[in-house]
Amino acid sequence: MDDKTTEYREMAEEAHEGSGASPCGAEERDPRANWYVIHTYSGYENKVRENLKKRIVSMKMQDQIFSVLVPTEEEIEFKDGRKKTVQKKVYPGYVLIEMVMTDQSWYVVRNTPGVTGFVSPGAKPVPLPPEEVKRIKQLMGMEAPSRVKIDLQVGQTVRVVHGPFQDVHGLVEEVSPEREKVRVLISIFGRETPVELDFVQVEKLS
């Protein structure tokens, strides 16, 4: 591995340190790589991540193991009358790892201190579906959520499909594609009232 590649890897690890991921450069990632879930002792998630990162380097597994992720999300806590934002583990006791599954990579991960095994319905580890990986990354802010596309025009009639006004019909008054919001006039107690809804909460009536 040349000096430039080594430098790129180190920069990438630093950039993703906050999220717990330590990916290699995109040009090095094997197309056979998938995301897997490993189970850890309770409270050992971050320790396992650090142990794995060290073992990947010391055992020269950078070409088979690419990212180690402890899924977290921000949560607001109120303590002593003050609001505080904390990182909460989404799946306590579990760590995600992106890797090419071989006998050697399996051995490196499975025998990392704190790891109790791969999460799988059978003896052979099963990768996470891509859509689940995408959802977790979006939850962590590592990937932008897919934008909802909807063909709505002012003056059209829509039906609310989710929320407190479910099944109520209304008239589109304003559409905000950049916010993925729509303002709909609906009848509440006999009066036309504007209500702001998400795109996913309405469907267009033909």
# chains A, B, ... in the order shown; residues from 1 in each chain; ligands from 1
$ residues_around --residues "Met140 in chain A" --least-positions-apart "4" --cutoff "7 Å" --atoms "only C-alpha atoms" --output "ChimeraX atom specification"
/A:71-73,136
$ closest_atom_pairs --of "range 62-156 of chain A" --to "range 27-38 of chain A" --cutoff "12 Å" --atoms "only C-alpha atoms" --output "CSV"
residue,atom,partner,partner_atom,distance
A:Gln62,CA,A:Glu28,CA,8.9
A:Asp63,CA,A:Glu28,CA,7.0
A:Gln64,CA,A:Asp30,CA,7.3
A:Ile65,CA,A:Ala33,CA,8.2
A:Phe66,CA,A:Arg29,CA,7.1
A:Ser67,CA,A:Trp35,CA,8.7
A:Val68,CA,A:Trp35,CA,9.3
A:Leu69,CA,A:Val37,CA,9.6
A:Val70,CA,A:Val37,CA,10.2
A:Pro71,CA,A:Val37,CA,10.9
A:Tyr91,CA,A:Val37,CA,10.3
A:Pro92,CA,A:Ile38,CA,11.2
A:Gly93,CA,A:Ile38,CA,8.5
A:Tyr94,CA,A:Ile38,CA,5.7
A:Val95,CA,A:Ile38,CA,5.4
A:Leu96,CA,A:Val37,CA,4.7
A:Ile97,CA,A:Tyr36,CA,5.4
A:Glu98,CA,A:Trp35,CA,4.2
A:Met99,CA,A:Ala33,CA,4.9
A:Val100,CA,A:Ala33,CA,4.3
A:Met101,CA,A:Ala33,CA,7.4
A:Thr102,CA,A:Ala33,CA,10.3
A:Ser105,CA,A:Ala33,CA,11.2
A:Trp106,CA,A:Tyr36,CA,10.7
A:Val109,CA,A:Ile38,CA,8.5
A:Arg110,CA,A:Ile38,CA,8.4
A:Asn111,CA,A:Ile38,CA,11.4
A:Thr112,CA,A:Ile38,CA,10.7
A:Gly114,CA,A:Ile38,CA,10.2
A:Val115,CA,A:Ile38,CA,6.9
A:Thr116,CA,A:Ile38,CA,7.5
A:Gly117,CA,A:Ile38,CA,5.7
A:Phe118,CA,A:Ile38,CA,4.3
A:Val119,CA,A:Ile38,CA,5.4
A:Ser120,CA,A:Val37,CA,8.2
A:Pro121,CA,A:Val37,CA,11.7
A:Lys124,CA,A:Tyr36,CA,11.2
A:Pro125,CA,A:Tyr36,CA,7.4
A:Val126,CA,A:Tyr36,CA,6.9
A:Pro127,CA,A:Tyr36,CA,4.8
A:Leu128,CA,A:Trp35,CA,5.6
A:Pro129,CA,A:Trp35,CA,8.1
A:Pro130,CA,A:Trp35,CA,8.2
A:Glu131,CA,A:Trp35,CA,11.1
A:Glu132,CA,A:Trp35,CA,9.7
A:Val133,CA,A:Trp35,CA,7.3
A:Lys134,CA,A:Trp35,CA,10.6
A:Ile136,CA,A:Trp35,CA,11.4
A:Lys137,CA,A:Trp35,CA,11.8
$ write_last_selection --atoms "N, CA and C atoms" --output "CSV table (one decimal), in the first residue's frame"
chain,number,residue,atom,x,y,z
A,62,GLN,N,-7.5,-4.7,6.2
A,62,GLN,CA,-8.2,-3.5,5.7
A,62,GLN,C,-8.8,-3.8,4.3
A,63,ASP,N,-8.4,-4.9,3.6
A,63,ASP,CA,-8.9,-5.2,2.3
A,63,ASP,C,-10.2,-6.1,2.4
A,64,GLN,N,-10.5,-6.5,3.7
A,64,GLN,CA,-11.7,-7.3,3.9
A,64,GLN,C,-12.7,-6.8,4.9
A,65,ILE,N,-12.2,-5.9,5.8
A,65,ILE,CA,-13.1,-5.3,6.8
A,65,ILE,C,-13.0,-3.8,6.7
A,66,PHE,N,-14.1,-3.1,6.4
A,66,PHE,CA,-14.0,-1.7,6.0
A,66,PHE,C,-14.6,-0.7,7.1
A,67,SER,N,-15.7,-1.0,7.7
A,67,SER,CA,-16.3,-0.1,8.6
A,67,SER,C,-16.9,-0.8,9.8
A,68,VAL,N,-16.8,-0.1,11.0
A,68,VAL,CA,-17.4,-0.6,12.2
A,68,VAL,C,-18.2,0.5,12.8
A,69,LEU,N,-19.5,0.2,13.0
A,69,LEU,CA,-20.5,1.2,13.4
A,69,LEU,C,-21.3,0.8,14.6
A,70,VAL,N,-21.3,1.8,15.6
A,70,VAL,CA,-22.2,1.6,16.7
A,70,VAL,C,-23.4,2.6,16.5
A,71,PRO,N,-24.6,2.1,16.0
A,71,PRO,CA,-25.7,3.0,15.7
A,71,PRO,C,-26.1,3.8,16.9
A,91,TYR,N,-29.3,0.3,19.2
A,91,TYR,CA,-29.4,-1.1,19.4
A,91,TYR,C,-28.3,-1.6,20.4
A,92,PRO,N,-28.6,-1.4,21.7
A,92,PRO,CA,-27.7,-1.8,22.8
A,92,PRO,C,-27.3,-3.2,22.6
A,93,GLY,N,-26.0,-3.5,22.7
A,93,GLY,CA,-25.5,-4.9,22.6
A,93,GLY,C,-25.2,-5.3,21.2
A,94,TYR,N,-25.3,-4.4,20.2
A,94,TYR,CA,-25.1,-4.8,18.9
A,94,TYR,C,-24.2,-3.8,18.2
A,95,VAL,N,-23.4,-4.3,17.2
A,95,VAL,CA,-22.5,-3.5,16.5
A,95,VAL,C,-22.6,-3.9,15.0
A,96,LEU,N,-22.6,-2.9,14.1
A,96,LEU,CA,-22.6,-3.2,12.7
A,96,LEU,C,-21.2,-3.2,12.1
A,97,ILE,N,-21.0,-4.1,11.2
A,97,ILE,CA,-19.6,-4.2,10.5
A,97,ILE,C,-19.8,-4.4,9.0
A,98,GLU,N,-19.0,-3.7,8.2
A,98,GLU,CA,-19.0,-3.9,6.8
A,98,GLU,C,-17.8,-4.7,6.4
A,99,MET,N,-18.0,-5.8,5.8
A,99,MET,CA,-16.9,-6.7,5.5
A,99,MET,C,-17.2,-7.7,4.4
A,100,VAL,N,-16.1,-8.3,3.9
A,100,VAL,CA,-16.2,-9.4,3.0
A,100,VAL,C,-16.1,-10.6,3.8
A,101,MET,N,-17.2,-11.5,3.8
A,101,MET,CA,-17.2,-12.6,4.7
A,101,MET,C,-16.3,-13.7,4.1
A,102,THR,N,-15.2,-13.9,4.8
A,102,THR,CA,-14.3,-15.1,4.5
A,102,THR,C,-14.0,-15.8,5.8
A,105,SER,N,-11.7,-13.3,7.8
A,105,SER,CA,-12.4,-12.1,8.3
A,105,SER,C,-13.3,-12.5,9.4
A,106,TRP,N,-14.0,-13.7,9.2
A,106,TRP,CA,-14.9,-14.2,10.3
A,106,TRP,C,-14.1,-14.4,11.6
A,109,VAL,N,-13.1,-11.1,13.4
A,109,VAL,CA,-14.3,-10.5,14.1
A,109,VAL,C,-14.8,-11.3,15.3
A,110,ARG,N,-15.0,-12.6,15.0
A,110,ARG,CA,-15.6,-13.5,16.0
A,110,ARG,C,-14.7,-13.6,17.3
A,111,ASN,N,-13.4,-13.5,17.1
A,111,ASN,CA,-12.5,-13.6,18.2
A,111,ASN,C,-12.0,-12.3,18.8
A,112,THR,N,-12.7,-11.2,18.5
A,112,THR,CA,-12.4,-9.9,19.1
A,112,THR,C,-13.0,-9.9,20.5
A,114,GLY,N,-15.0,-9.2,23.6
A,114,GLY,CA,-16.3,-8.5,23.8
A,114,GLY,C,-17.3,-9.0,22.8
A,115,VAL,N,-16.9,-9.6,21.7
A,115,VAL,CA,-17.9,-10.1,20.7
A,115,VAL,C,-18.3,-11.5,21.1
A,116,THR,N,-19.7,-11.7,21.1
A,116,THR,CA,-20.2,-13.0,21.5
A,116,THR,C,-20.6,-13.8,20.2
A,117,GLY,N,-20.7,-13.1,19.1
A,117,GLY,CA,-21.0,-13.9,17.9
A,117,GLY,C,-21.8,-13.0,16.8
A,118,PHE,N,-21.9,-13.6,15.6
A,118,PHE,CA,-22.7,-12.9,14.6
A,118,PHE,C,-24.2,-13.1,14.8
A,119,VAL,N,-25.0,-12.2,14.5
A,119,VAL,CA,-26.5,-12.3,14.6
A,119,VAL,C,-27.0,-13.0,13.3
A,120,SER,N,-27.5,-14.1,13.4
A,120,SER,CA,-27.9,-14.9,12.2
A,120,SER,C,-28.9,-16.0,12.6
A,121,PRO,N,-29.9,-16.2,11.8
A,121,PRO,CA,-30.9,-17.3,12.1
A,121,PRO,C,-30.3,-18.7,12.0
A,124,LYS,N,-24.5,-19.8,9.4
A,124,LYS,CA,-23.8,-18.9,8.5
A,124,LYS,C,-24.3,-17.5,8.7
A,125,PRO,N,-23.4,-16.5,8.9
A,125,PRO,CA,-23.9,-15.1,9.0
A,125,PRO,C,-24.6,-14.6,7.8
A,126,VAL,N,-25.7,-13.9,8.0
A,126,VAL,CA,-26.6,-13.4,6.9
A,126,VAL,C,-26.4,-11.9,6.9
A,127,PRO,N,-26.1,-11.3,5.8
A,127,PRO,CA,-26.0,-9.8,5.7
A,127,PRO,C,-27.3,-9.1,5.9
A,128,LEU,N,-27.2,-7.8,6.4
A,128,LEU,CA,-28.3,-7.0,6.5
A,128,LEU,C,-28.8,-6.5,5.1
A,129,PRO,N,-30.1,-6.4,4.9
A,129,PRO,CA,-30.7,-5.9,3.7
A,129,PRO,C,-30.2,-4.5,3.5
A,130,PRO,N,-29.9,-4.1,2.2
A,130,PRO,CA,-29.4,-2.7,1.9
A,130,PRO,C,-30.3,-1.6,2.4
A,131,GLU,N,-31.7,-1.9,2.4
A,131,GLU,CA,-32.6,-0.9,2.8
A,131,GLU,C,-32.5,-0.6,4.3
A,132,GLU,N,-32.2,-1.7,5.1
A,132,GLU,CA,-32.1,-1.6,6.5
A,132,GLU,C,-30.8,-0.8,6.9
A,133,VAL,N,-29.7,-1.0,6.1
A,133,VAL,CA,-28.5,-0.3,6.3
A,133,VAL,C,-28.7,1.2,6.0
A,134,LYS,N,-29.4,1.5,5.0
A,134,LYS,CA,-29.7,2.8,4.6
A,134,LYS,C,-30.5,3.5,5.7
A,136,ILE,N,-30.6,2.9,8.9
A,136,ILE,CA,-29.8,3.2,10.0
A,136,ILE,C,-28.9,4.4,9.8
A,137,LYS,N,-28.3,4.4,8.6
A,137,LYS,CA,-27.4,5.6,8.3
A,137,LYS,C,-28.2,6.9,8.3
$ closest_residue --among "A:Val108, A:Glu77, A:Lys83, A:Thr40" --to "Met59 in chain A" --atoms "only C-alpha atoms"
A:Val108
$ closest_residue --among "A:Arg82, A:Lys60, A:His162, A:His169" --to "Asp198 in chain A" --atoms "only C-alpha atoms"
A:His162
$ select_by_dssp --residues "chain A" --states "helix (DSSP H, G or I)" --output "number ranges by chain"
A: 3-15, 17-19, 45-58, 103-110, 130-140, 199-201
$ atom_distance --atom1 "CA of Glu178 in chain A" --atom2 "CA of Gln138 in chain A"
17.8 Å
$ atom_distance --atom1 "CA of Arg183 in chain A" --atom2 "CA of Arg135 in chain A"
27.2 Å
$ closest_residue --among "A:Gly163, A:Val200, A:Pro194, A:Asn51" --to "Arg179 in chain A" --atoms "only C-alpha atoms"
A:Val200
$ select_by_dssp --residues "range 30-143 of chain A" --states "strand (DSSP E)" --output "ChimeraX atom specification"
/A:34-40,65-69,72-79,82-89,94-99,115-118
$ atom_distance --atom1 "CA of Gly190 in chain A" --atom2 "CA of Val168 in chain A"
12.9 Å
$ closest_residue --among "A:Gln166, A:Gln156, A:Gln87, A:Asn46" --to "Leu197 in chain A" --atoms "only C-alpha atoms"
A:Gln166
